[in-house]
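File shown: data_32.pdb (PDB, C-alpha atoms).
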ATOM      1  CA  MET A   1     112.196 129.408  91.111
ATOM      2  CA  ILE A   2     109.384 131.820  92.059
ATOM      3  CA  GLY A   3     110.661 134.363  89.537
ATOM      4  CA  ASN A   4     110.466 131.757  86.772
ATOM      5  CA  LYS A   5     106.910 130.902  87.787
ATOM      6  CA  ILE A   6     105.832 134.551  87.716
ATOM      7  CA  ALA A   7     107.356 134.986  84.261
ATOM      8  CA  GLU A   8     105.783 131.754  82.984
ATOM      9  CA  ALA A   9     102.285 132.660  84.186
ATOM     10  CA  ARG A  10     102.624 136.234  82.905
ATOM     11  CA  LYS A  11     103.602 135.061  79.424
ATOM     12  CA  LYS A  12     100.780 132.539  79.363
ATOM     13  CA  ILE A  13      98.206 135.339  79.579
ATOM     14  CA  ASN A  14     100.228 137.388  77.087
ATOM     15  CA  ILE A  15     100.997 140.536  79.098
ATOM     16  CA  SER A  16     104.278 142.406  79.528
ATOM     17  CA  GLN A  17     106.140 143.196  82.743
ATOM     18  CA  ALA A  18     105.010 146.809  82.391
ATOM     19  CA  GLN A  19     101.337 145.823  82.021
ATOM     20  CA  LEU A  20     101.500 143.551  85.064
ATOM     21  CA  ALA A  21     103.184 146.286  87.076
ATOM     22  CA  GLN A  22     100.535 148.810  86.080
ATOM     23  CA  ARG A  23      97.721 146.567  87.306
ATOM     24  CA  LEU A  24      99.508 145.972  90.594
ATOM     25  CA  PHE A  25     100.238 149.715  90.934
ATOM     26  CA  ILE A  26     103.985 149.067  91.229
ATOM     27  CA  SER A  27     106.986 149.775  89.004
ATOM     28  CA  ALA A  28     108.022 147.619  86.053
ATOM     29  CA  GLN A  29     111.472 147.423  87.645
ATOM     30  CA  ALA A  30     109.969 145.653  90.663
ATOM     31  CA  VAL A  31     108.425 142.967  88.441
ATOM     32  CA  GLY A  32     111.765 142.562  86.653
ATOM     33  CA  LYS A  33     113.535 142.000  89.959
ATOM     34  CA  TRP A  34     111.004 139.332  90.945
ATOM     35  CA  GLU A  35     111.492 137.445  87.690
ATOM     36  CA  ARG A  36     115.285 137.666  87.960
ATOM     37  CA  GLY A  37     115.146 136.359  91.529
ATOM     38  CA  GLU A  38     116.564 139.577  93.018
ATOM     39  CA  SER A  39     113.561 140.199  95.272
ATOM     40  CA  MET A  40     110.245 138.630  96.230
ATOM     41  CA  PRO A  41     106.682 139.996  96.614
ATOM     42  CA  ASP A  42     105.253 140.284 100.107
ATOM     43  CA  ILE A  43     102.329 138.056 101.105
ATOM     44  CA  THR A  44      99.699 140.712 100.328
ATOM     45  CA  THR A  45     101.138 141.233  96.862
ATOM     46  CA  PHE A  46     101.298 137.458  96.325
ATOM     47  CA  ASN A  47      97.515 137.301  96.787
ATOM     48  CA  ARG A  48      96.932 140.067  94.243
ATOM     49  CA  LEU A  49      99.535 138.586  91.905
ATOM     50  CA  ALA A  50      97.821 135.196  91.962
ATOM     51  CA  GLU A  51      94.493 136.797  91.035
ATOM     52  CA  MET A  52      96.068 138.840  88.231
ATOM     53  CA  LEU A  53      97.790 135.788  86.749
ATOM     54  CA  GLY A  54      94.823 133.458  87.248
ATOM     55  CA  VAL A  55      96.699 130.956  89.425
ATOM     56  CA  ASP A  56      96.331 129.460  92.872
ATOM     57  CA  LEU A  57      98.693 130.555  95.645
ATOM     58  CA  ASN A  58     100.007 126.998  95.759
ATOM     59  CA  TYR A  59     101.421 127.639  92.290
ATOM     60  CA  PHE A  60     104.211 129.659  93.899
ATOM     61  CA  SER A  61     105.196 126.874  96.282
ATOM     62  CA  GLU A  62     108.243 124.775  95.314
ATOM     63  CA  SER A  63     106.380 121.675  96.420
ATOM     64  CA  PHE A  64     103.927 122.018  93.534
ATOM     65  CA  PRO A  65     104.395 121.510  89.777
ATOM     66  CA  SER A  66     105.641 124.531  87.846
ATOM     67  CA  GLU A  67     102.915 124.643  85.250
ATOM     68  CA  VAL A  68      99.975 126.968  85.827
ATOM     69  CA  ALA A  69      97.244 124.924  87.453
ATOM     70  CA  GLU A  70      93.778 125.203  86.058
ATOM     71  CA  GLU A  71      90.836 125.136  88.436
ATOM     72  CA  VAL A  72      88.861 121.923  88.103
ATOM     73  CA  ALA A  73      85.400 121.676  89.570
ATOM     74  CA  VAL A  74      84.958 118.153  90.931
ATOM     75  CA  GLU A  75      81.413 117.084  91.508
ATOM     76  CA  PRO A  76      80.820 115.218  94.779
ATOM     77  CA  GLU A  77      79.429 111.738  94.523
ATOM     78  CA  GLN A  78      75.691 111.688  94.880
ATOM     79  CA  PRO A  79      73.756 109.012  96.710
ATOM     80  CA  SER A  80      71.991 106.624  94.359
ATOM     81  CA  GLY A  81      68.625 107.846  93.194
ATOM     82  CA  LYS A  82      69.617 111.543  93.333
ATOM     83  CA  GLN A  83      70.320 113.538  90.202
ATOM     84  CA  GLN A  84      73.861 114.852  89.959
ATOM     85  CA  LYS A  85      74.369 118.623  89.783
ATOM     86  CA  LYS A  86      74.693 119.871  86.229
ATOM     87  CA  ARG A  87      78.090 121.286  85.341
ATOM     88  CA  SER A  88      78.281 124.695  83.714
ATOM     89  CA  TRP A  89      80.858 126.582  81.659
ATOM     90  CA  ASP A  90      83.283 129.077  83.186
ATOM     91  CA  MET A  91      85.137 131.856  81.327
ATOM     92  CA  SER A  92      87.482 132.698  84.232
ATOM     93  CA  GLY A  93      91.251 132.318  84.032
ATOM     94  CA  GLU A  94      91.308 132.248  80.235
ATOM     95  CA  SER A  95      92.718 134.363  77.412
ATOM     96  CA  TRP A  96      90.003 135.547  75.007
ATOM     97  CA  VAL A  97      90.942 137.345  71.780
ATOM     98  CA  ASP A  98      88.605 138.483  68.942
ATOM     99  CA  ALA A  99      85.648 136.539  70.344
ATOM    100  CA  ASP A 100      82.006 137.598  69.964
ATOM    101  CA  PHE A 101      79.960 137.211  73.167
ATOM    102  CA  SER A 102      77.242 139.686  72.144
ATOM    103  CA  GLY A 103      73.974 139.025  73.955
ATOM    104  CA  VAL A 104      75.591 136.789  76.570
ATOM    105  CA  GLU A 105      73.889 136.474  79.968
ATOM    106  CA  ASN A 106      73.982 134.463  83.187
ATOM    107  CA  LEU A 107      77.735 134.799  83.689
ATOM    108  CA  HIS A 108      77.354 135.089  87.475
ATOM    109  CA  GLU A 109      80.965 135.027  88.823
ATOM    110  CA  LYS A 110      82.540 133.277  85.854
ATOM    111  CA  LEU A 111      84.568 136.029  84.217
ATOM    112  CA  SER A 112      87.498 136.753  86.539
ATOM    113  CA  SER A 113      91.289 136.658  86.178
ATOM    114  CA  SER A 114      90.947 136.684  82.389
ATOM    115  CA  ASN A 115      92.818 138.381  79.576
ATOM    116  CA  ILE A 116      90.155 139.753  77.195
ATOM    117  CA  GLN A 117      91.198 141.565  74.021
ATOM    118  CA  ARG A 118      89.145 142.895  71.093
ATOM    119  CA  CYS A 119      86.050 140.945  72.107
ATOM    120  CA  ARG A 120      82.412 141.999  71.636
ATOM    121  CA  PHE A 121      79.826 141.982  74.411
ATOM    122  CA  ILE A 122      77.276 144.154  72.591
ATOM    123  CA  GLY A 123      73.824 144.133  74.228
ATOM    124  CA  SER A 124      74.916 141.663  76.907
ATOM    125  CA  ASP A 125      73.497 141.244  80.394
ATOM    126  CA  LEU A 126      76.506 141.595  82.685
ATOM    127  CA  SER A 127      74.534 142.795  85.690
ATOM    128  CA  GLY A 128      75.279 141.696  89.244
ATOM    129  CA  LEU A 129      78.705 140.274  88.397
ATOM    130  CA  LEU A 130      81.789 140.104  90.575
ATOM    131  CA  LEU A 131      84.652 140.706  88.151
ATOM    132  CA  LYS A 132      88.138 140.406  89.648
ATOM    133  CA  SER A 133      91.608 140.930  88.218
ATOM    134  CA  ASN A 134      90.691 141.127  84.560
ATOM    135  CA  ASN A 135      92.691 142.664  81.739
ATOM    136  CA  VAL A 136      90.188 144.074  79.216
ATOM    137  CA  GLU A 137      91.473 145.907  76.142
ATOM    138  CA  GLY A 138      89.821 147.032  72.911
ATOM    139  CA  CYS A 139      86.441 145.436  73.655
ATOM    140  CA  ASP A 140      82.937 146.679  72.765
ATOM    141  CA  PHE A 141      80.246 146.614  75.484
ATOM    142  CA  SER A 142      77.824 148.984  73.716
ATOM    143  CA  GLY A 143      74.260 148.795  75.017
ATOM    144  CA  SER A 144      75.110 146.276  77.738
ATOM    145  CA  ASN A 145      73.636 146.121  81.215
ATOM    146  CA  ILE A 146      76.487 146.223  83.753
ATOM    147  CA  SER A 147      74.364 147.475  86.645
ATOM    148  CA  SER A 148      75.138 146.359  90.221
ATOM    149  CA  SER A 149      78.370 144.690  89.124
ATOM    150  CA  HIS A 150      81.603 145.004  91.116
ATOM    151  CA  ILE A 151      84.782 145.409  89.078
ATOM    152  CA  GLN A 152      87.801 144.807  91.344
ATOM    153  CA  ARG A 153      91.507 145.314  90.594
ATOM    154  CA  SER A 154      90.982 145.225  86.834
ATOM    155  CA  TYR A 155      92.669 146.994  83.922
ATOM    156  CA  LEU A 156      90.312 148.501  81.338
ATOM    157  CA  GLU A 157      91.802 150.280  78.310
ATOM    158  CA  ASP A 158      90.383 151.445  74.955
ATOM    159  CA  ASN A 159      87.002 149.813  75.522
ATOM    160  CA  VAL A 160      83.611 151.062  74.299
ATOM    161  CA  PHE A 161      80.785 151.371  76.838
ATOM    162  CA  LYS A 162      78.389 153.496  74.762
ATOM    163  CA  ASN A 163      74.843 153.681  76.172
ATOM    164  CA  CYS A 164      75.652 151.150  78.888
ATOM    165  CA  SER A 165      73.667 150.935  82.100
ATOM    166  CA  LEU A 166      76.144 151.051  84.989
ATOM    167  CA  ASN A 167      73.585 151.778  87.713
ATOM    168  CA  GLU A 168      74.902 151.006  91.212
ATOM    169  CA  ALA A 169      78.089 149.422  89.822
ATOM    170  CA  ALA A 170      81.342 149.699  91.797
ATOM    171  CA  PHE A 171      84.888 150.041  90.502
ATOM    172  CA  SER A 172      87.497 149.389  93.201
ATOM    173  CA  GLY A 173      91.251 149.409  92.643
ATOM    174  CA  SER A 174      90.665 149.434  88.887
ATOM    175  CA  TYR A 175      92.567 151.318  86.179
ATOM    176  CA  ILE A 176      90.348 152.794  83.440
ATOM    177  CA  LYS A 177      92.030 154.478  80.481
ATOM    178  CA  GLY A 178      90.960 155.646  77.027
ATOM    179  CA  CYS A 179      87.421 154.247  77.237
ATOM    180  CA  ASP A 180      84.285 155.648  75.573
ATOM    181  CA  PHE A 181      81.345 156.011  77.970
ATOM    182  CA  THR A 182      79.203 158.181  75.657
ATOM    183  CA  GLY A 183      75.584 158.067  76.829
ATOM    184  CA  ALA A 184      76.361 155.756  79.763
ATOM    185  CA  ASN A 185      74.280 155.886  82.943
ATOM    186  CA  PHE A 186      76.491 156.286  86.035
ATOM    187  CA  THR A 187      73.633 156.549  88.556
ATOM    188  CA  GLY A 188      74.811 155.320  91.966
ATOM    189  CA  VAL A 189      78.232 154.269  90.634
ATOM    190  CA  GLU A 190      81.235 154.316  93.008
ATOM    191  CA  PHE A 191      84.832 154.686  91.847
ATOM    192  CA  LYS A 192      87.282 153.937  94.659
ATOM    193  CA  SER A 193      91.076 153.688  94.919
ATOM    194  CA  GLY A 194      91.760 153.523  91.202
ATOM    195  CA  ALA A 195      92.285 155.684  88.119
ATOM    196  CA  PHE A 196      89.919 157.191  85.534
ATOM    197  CA  LEU A 197      91.994 158.582  82.668
ATOM    198  CA  ASN A 198      91.615 160.053  79.161
ATOM    199  CA  SER A 199      88.074 158.760  78.707
ATOM    200  CA  THR A 200      85.010 160.185  76.923
ATOM    201  CA  VAL A 201      81.865 160.720  79.011
ATOM    202  CA  ALA A 202      79.720 162.852  76.656
ATOM    203  CA  ASN A 203      75.971 162.816  77.398
ATOM    204  CA  ALA A 204      76.522 160.573  80.414
ATOM    205  CA  VAL A 205      74.124 160.543  83.363
ATOM    206  CA  TRP A 206      75.707 161.537  86.704
ATOM    207  CA  ASN A 207      73.440 161.005  89.697
ATOM    208  CA  ARG A 208      74.660 159.893  93.145
ATOM    209  CA  THR A 209      78.021 159.098  91.559
ATOM    210  CA  SER A 210      81.014 159.103  93.912
ATOM    211  CA  PHE A 211      84.754 159.243  93.287
ATOM    212  CA  ILE A 212      86.844 158.288  96.342
ATOM    213  CA  THR A 213      90.664 158.453  96.375
ATOM    214  CA  THR A 214      90.602 158.207  92.583
ATOM    215  CA  GLN A 215      93.066 159.659  90.089
ATOM    216  CA  ILE A 216      91.060 161.582  87.460
ATOM    217  CA  ASP A 217      92.965 162.863  84.401
ATOM    218  CA  ASN A 218      91.846 164.499  81.161
ATOM    219  CA  ILE A 219      88.092 164.053  81.661
ATOM    220  CA  VAL A 220      85.406 166.548  80.550
ATOM    221  CA  PHE A 221      82.204 166.472  82.624
ATOM    222  CA  GLU A 222      79.106 167.965  81.000
ATOM    223  CA  GLY A 223      75.389 168.095  81.696
ATOM    224  CA  ARG A 224      73.771 167.734  85.103
ATOM    225  CA  LEU A 225      75.636 166.307  88.105
ATOM    226  CA  GLU A 226      73.345 165.794  91.070
ATOM    227  CA  ASP A 227      74.191 164.415  94.534
ATOM    228  CA  CYS A 228      77.680 163.505  93.346
ATOM    229  CA  SER A 229      80.927 163.654  95.326
ATOM    230  CA  PHE A 230      84.662 163.856  94.706
ATOM    231  CA  GLU A 231      86.542 162.903  97.866
ATOM    232  CA  ASN A 232      90.347 162.968  98.215
ATOM    233  CA  CYS A 233      90.824 162.636  94.461
ATOM    234  CA  ALA A 234      93.871 163.630  92.415
ATOM    235  CA  PHE A 235      92.952 165.818  89.418
ATOM    236  CA  ASP A 236      94.907 166.648  86.277
ATOM    237  CA  MET A 237      93.379 168.512  83.325
ATOM    238  CA  VAL A 238      89.789 167.936  84.481
ATOM    239  CA  THR A 239      87.125 170.213  82.989
ATOM    240  CA  PHE A 240      83.489 170.850  83.875
ATOM    241  CA  ARG A 241      81.939 172.418  80.751
ATOM    242  CA  GLN A 242      78.366 173.702  80.604
ATOM    243  CA  ALA A 243      77.655 171.547  83.641
ATOM    244  CA  THR A 244      74.976 172.081  86.247
ATOM    245  CA  LEU A 245      76.178 171.060  89.719
ATOM    246  CA  ILE A 246      73.518 170.245  92.307
ATOM    247  CA  ASN A 247      74.533 169.040  95.789
ATOM    248  CA  THR A 248      77.885 168.007  94.331
ATOM    249  CA  PHE A 249      80.701 168.124  96.847
ATOM    250  CA  PHE A 250      84.439 168.420  96.339
ATOM    251  CA  LYS A 251      86.242 167.269  99.487
ATOM    252  CA  ASN A 252      89.734 167.790  98.110
ATOM    253  CA  LYS A 253      92.661 169.992  99.029
ATOM    254  CA  ARG A 254      94.059 170.244  95.503
ATOM    255  CA  LEU A 255      91.666 171.548  92.885
ATOM    256  CA  LYS A 256      93.930 173.908  90.959
ATOM    257  CA  TRP A 257      93.926 171.559  87.937
ATOM    258  CA  VAL A 258      90.112 171.661  87.704
ATOM    259  CA  ARG A 259      88.506 174.147  85.296
ATOM    260  CA  PHE A 260      84.901 175.308  85.229
ATOM    261  CA  ILE A 261      83.603 176.696  81.934
ATOM    262  CA  ASP A 262      80.061 178.123  81.609
ATOM    263  CA  CYS A 263      78.850 176.114  84.603
ATOM    264  CA  GLN A 264      76.040 176.651  87.113
ATOM    265  CA  ALA A 265      75.950 175.515  90.723
ATOM    266  CA  ASP A 266      73.608 175.672  93.673
ATOM    267  CA  ARG A 267      74.640 177.593  96.769
ATOM    268  CA  MET A 268      75.860 174.549  98.743
ATOM    269  CA  THR A 269      78.099 173.294  95.933
ATOM    270  CA  TYR A 270      79.433 176.790  95.296
ATOM    271  CA  GLU A 271      80.360 177.347  98.954
ATOM    272  CA  PHE A 272      82.184 173.999  99.150
ATOM    273  CA  LEU A 273      84.267 175.024  96.137
ATOM    274  CA  LYS A 274      84.816 178.512  97.509
ATOM    275  CA  LYS A 275      86.056 177.083 100.803
ATOM    276  CA  ASN A 276      88.896 175.341  98.979
ATOM    277  CA  GLY A 277      90.434 178.708  98.192
ATOM    278  CA  LYS A 278      92.368 177.585  95.096
ATOM    279  CA  VAL A 279      89.496 177.117  92.685
ATOM    280  CA  ASP A 280      88.850 179.580  89.892
ATOM    281  CA  LEU A 281      85.128 180.269  90.301
ATOM    282  CA  THR A 282      84.832 182.749  87.412
ATOM    283  CA  GLY A 283      83.371 180.006  85.217
ATOM    284  CA  ILE A 284      80.520 179.288  87.661
ATOM    285  CA  THR A 285      77.291 181.233  88.161
ATOM    286  CA  LEU A 286      74.870 180.644  91.020
ATOM    287  CA  LEU A 287      71.556 179.013  90.292
ATOM    288  CA  THR A 288      68.579 181.114  91.247
ATOM    289  CA  SER A 289      65.952 179.568  93.477
TER     290      SER A 289
END

Encoded form (structure tokens):
Amino acid sequence: MIGNKIAEARKKINISQAQLAQRLFISAQAVGKWERGESMPDITTFNRLAEMLGVDLNYFSESFPSEVAEEVAVEPEQPSGKQQKKRSWDMSGESWVDADFSGVENLHEKLSSSNIQRCRFIGSDLSGLLLKSNNVEGCDFSGSNISSSHIQRSYLEDNVFKNCSLNEAAFSGSYIKGCDFTGANFTGVEFKSGAFLNSTVANAVWNRTSFITTQIDNIVFEGRLEDCSFENCAFDMVTFRQATLINTFFKNKRLKWVRFIDCQADRMTYEFLKKNGKVDLTGITLLTS
């Protein structure tokens, strides 16, 4: 029964078993076993699964109808003489394909648990949002303001974030792959417990940016990195090319897959790298005072 409900909700938002597994950081075989009734998610995974599928936890209970329940905001009755609260639209829990939301603003917390494909958010104000459990693929956010937003447990692939302001944004438990962040401002951004893969970051601004327990693959960092940190990250084919590293710390035991080409670093950054013992420092020269 629960397996059928997982499959039904998954198909409703048009994602495969493999895509669902990737967002939950589990194997596709595990999802297949759930849907065939051979095993069951634990309670923690049920919570994440509900968010990913855009359903309430009660959806998985046999005492509730099998169809995916949509959230309905019911306005409380108001005493006579008082104006009722105005209802507003909500984009959460929906599947959006080939839609144009360019210039949108005032979303607040109304864009979570959604499947968003090939949509445009060009020049939009997406600042201060709490975005949870979204699947976002092939969308264009060029020139948008995404500062101070928190992107949780979301899957972002093949999206364009050219010249976006991401100041003080936070990405936690999110999977980012094949995105274009050319000219983006990453000042104060935190990446935590997720993945940052095969993405373009040319001419990006790196200031007080932190990567914590993040998988970083096939990324080329250029330009000036100041007051940044890489803590307990997993690297694969990561290159720093013609980069200037100021107060940038690498608190990692495995840095052999990191290359430095024509880079400069201050003394503190250089000594942190030297302490690791497995870093090729031939591509780094010390900055003079």

Please write as a list of chain:residue names the full residue list that the PyMOL selection byres ((chain A and resi 52) around 10) yields on this file.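 Expected selection for the PyMOL selection byres ((chain A and resi 52) around 10) here is A:Ala9, A:Arg10, A:Ile13, A:Leu20, A:Arg23, A:Leu24, A:Phe46, A:Asn47, A:Arg48, A:Leu49, A:Ala50, A:Glu51, A:Leu53, A:Gly54, A:Val55, A:Gly93, A:Ser112, A:Ser113, A:Ser114, A:Asn115, A:Lys132, A:Ser133, A:Asn134, A:Asn135, A:Arg153, A:Ser154, A:Tyr155.
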
Can you spit out the residues from that selection as a compact mmCIF listing (two decimals), in the coordinates of the input, using C-alpha atoms?
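Output (result-v8.txt):
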# COMPACT_ATOMS: atom_id res chain seq x y z
CA ALA A 9 102.28 132.66 84.19
CA ARG A 10 102.62 136.23 82.90
CA ILE A 13 98.21 135.34 79.58
CA LEU A 20 101.50 143.55 85.06
CA ARG A 23 97.72 146.57 87.31
CA LEU A 24 99.51 145.97 90.59
CA PHE A 46 101.30 137.46 96.32
CA ASN A 47 97.52 137.30 96.79
CA ARG A 48 96.93 140.07 94.24
CA LEU A 49 99.54 138.59 91.90
CA ALA A 50 97.82 135.20 91.96
CA GLU A 51 94.49 136.80 91.04
CA LEU A 53 97.79 135.79 86.75
CA GLY A 54 94.82 133.46 87.25
CA VAL A 55 96.70 130.96 89.42
CA GLY A 93 91.25 132.32 84.03
CA SER A 112 87.50 136.75 86.54
CA SER A 113 91.29 136.66 86.18
CA SER A 114 90.95 136.68 82.39
CA ASN A 115 92.82 138.38 79.58
CA LYS A 132 88.14 140.41 89.65
CA SER A 133 91.61 140.93 88.22
CA ASN A 134 90.69 141.13 84.56
CA ASN A 135 92.69 142.66 81.74
CA ARG A 153 91.51 145.31 90.59
CA SER A 154 90.98 145.22 86.83
CA TYR A 155 92.67 146.99 83.92

With a distance cut-off of 9 Å and only C-alpha atoms, select the neighbouring residues of A:Ala184, excluding the residue or stretch itself and same-chain residues fewer than 5 positions from it, and output the selection as an mmCIF file with C-alpha atoms, keeping the file's coordinate frame.
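Here's the written file part-v7.cif:
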data_model
loop_
_atom_site.group_PDB
_atom_site.id
_atom_site.type_symbol
_atom_site.label_atom_id
_atom_site.label_comp_id
_atom_site.auth_asym_id
_atom_site.auth_seq_id
_atom_site.Cartn_x
_atom_site.Cartn_y
_atom_site.Cartn_z
ATOM 1 C CA GLY A 143 74.260 148.795 75.017
ATOM 2 C CA PHE A 161 80.785 151.371 76.838
ATOM 3 C CA LYS A 162 78.389 153.496 74.762
ATOM 4 C CA ASN A 163 74.843 153.681 76.172
ATOM 5 C CA CYS A 164 75.652 151.150 78.888
ATOM 6 C CA SER A 165 73.667 150.935 82.100
ATOM 7 C CA LEU A 166 76.144 151.051 84.989
ATOM 8 C CA VAL A 201 81.865 160.720 79.011
ATOM 9 C CA ALA A 202 79.720 162.852 76.656
ATOM 10 C CA ASN A 203 75.971 162.816 77.398
ATOM 11 C CA ALA A 204 76.522 160.573 80.414
ATOM 12 C CA VAL A 205 74.124 160.543 83.363
#

Going by the chain IDs and residue numbers used in this file, which residues fall under the PyMOL selection byres ((chain A and resi 169) around 7)? Write them as a list in words.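 Against this file, the PyMOL selection byres ((chain A and resi 169) around 7) returns the residues Ser147, Ser148, Ser149, His150, Leu166, Asn167, Glu168, Ala170, Phe171, Val189 and Glu190 of chain A.
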
Restricting it to C-alpha atoms, dump the selection as a PDB file, in the frame of the given file.
ATOM      1  CA  SER A 147      74.364 147.475  86.645  1.00  0.00           C
ATOM      2  CA  SER A 148      75.138 146.359  90.221  1.00  0.00           C
ATOM      3  CA  SER A 149      78.370 144.690  89.124  1.00  0.00           C
ATOM      4  CA  HIS A 150      81.603 145.004  91.116  1.00  0.00           C
ATOM      5  CA  LEU A 166      76.144 151.051  84.989  1.00  0.00           C
ATOM      6  CA  ASN A 167      73.585 151.778  87.713  1.00  0.00           C
ATOM      7  CA  GLU A 168      74.902 151.006  91.212  1.00  0.00           C
ATOM      8  CA  ALA A 170      81.342 149.699  91.797  1.00  0.00           C
ATOM      9  CA  PHE A 171      84.888 150.041  90.502  1.00  0.00           C
ATOM     10  CA  VAL A 189      78.232 154.269  90.634  1.00  0.00           C
ATOM     11  CA  GLU A 190      81.235 154.316  93.008  1.00  0.00           C
TER      12      GLU A 190
END

Extract, using only C-alpha atoms, all DNA, RNA and protein residues at most 9 Å from stretch 233-236 of chain A, discarding same-chain residues fewer than 4 positions from it, and format them as a ChimeraX atom specification. /A:193,211-219,250-258

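Close contacts of A:Ser39, defined as residues with an atom at most 12 Å away when counting all atoms listed in the file, with chain neighbours fewer than 6 positions off set aside, comprise A:Met1, A:Ile2, A:Gly3, A:Gln29, A:Ala30, A:Val31, A:Gly32, A:Lys33.
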
Next, dump the selected residues to file, keeping only C-alpha atoms, as a PDB file, in the coordinates of the input.
ATOM      1  CA  MET A   1     112.196 129.408  91.111  1.00  0.00           C
ATOM      2  CA  ILE A   2     109.384 131.820  92.059  1.00  0.00           C
ATOM      3  CA  GLY A   3     110.661 134.363  89.537  1.00  0.00           C
ATOM      4  CA  GLN A  29     111.472 147.423  87.645  1.00  0.00           C
ATOM      5  CA  ALA A  30     109.969 145.653  90.663  1.00  0.00           C
ATOM      6  CA  VAL A  31     108.425 142.967  88.441  1.00  0.00           C
ATOM      7  CA  GLY A  32     111.765 142.562  86.653  1.00  0.00           C
ATOM      8  CA  LYS A  33     113.535 142.000  89.959  1.00  0.00           C
TER       9      LYS A  33
END

Point out the residue among A:Asp125, A:Gln19, A:Asn14, A:Ala265 with the least atom-to-atom distance to A:Val97, counting all atoms listed in the file.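 Of A:Asp125, A:Gln19, A:Asn14, A:Ala265, the one nearest A:Val97 is A:Asn14, counting all atoms listed in the file.
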
Using all atoms listed in the file, which of the listed residues (A:Arg208, A:Arg267, A:Arg241, A:Arg118) sits closest to A:Gly188?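 The answer is A:Arg208, which sits nearest to A:Gly188.
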
In Å, rounded to a single decimal, give me how far atom CA of A:Glu137 is from atom CA of A:Phe60.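 Computing the Euclidean distance for atom CA of A:Phe60 and atom CA of A:Glu137 yields 27.2 Å.
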
Quick one: axis-aligned box around all listed atoms of stretch 136-149 of chain A, 8 Å on every side, centre and edge lengths in Å to one decimal, written as lines of an AutoDock Vina configuration file.
center_x = 82.6
center_y = 146.5
center_z = 81.5
size_x = 33.8
size_y = 20.9
size_z = 33.5

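Closest approach to A:Cys119 among A:Asp158, A:Glu105, A:Glu8, A:Glu226 is made by A:Asp158 (distances from only C-alpha atoms).
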
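Relative to atom CA of A:Glu222, atom CA of A:Met268 is found at 19.2 Å.
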
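Atom to atom, atom CA of A:Glu271 and atom CA of A:Phe249 stand 9.5 Å apart.
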
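Summary of the local environment: counting only C-alpha atoms, residues at most 7 Å from A:Gln117, other than itself and those fewer than 4 positions away along its chain, are Trp96, Val97, Asp98, Val136, Glu137, Gly138 and Cys139 of chain A.
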
Let me know the residues the PyMOL selection byres ((chain A and resi 141) around 6) catches in the file above, as number ranges by chain. A: 121-122, 140, 142, 144, 160-161

Counting all atoms listed in the file, the option among A:Asp266, A:Ala28, A:Tyr59, A:Ala21 closest to A:Asn4: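 Closest residue, counting all atoms listed in the file: A:Tyr59.
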
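Minimum atom-to-atom distances from A:Asp227, A:Asp56, A:Glu38, A:Asp262 to A:Phe240 were compared using all atoms listed in the file, and the lowest value belongs to A:Asp262.
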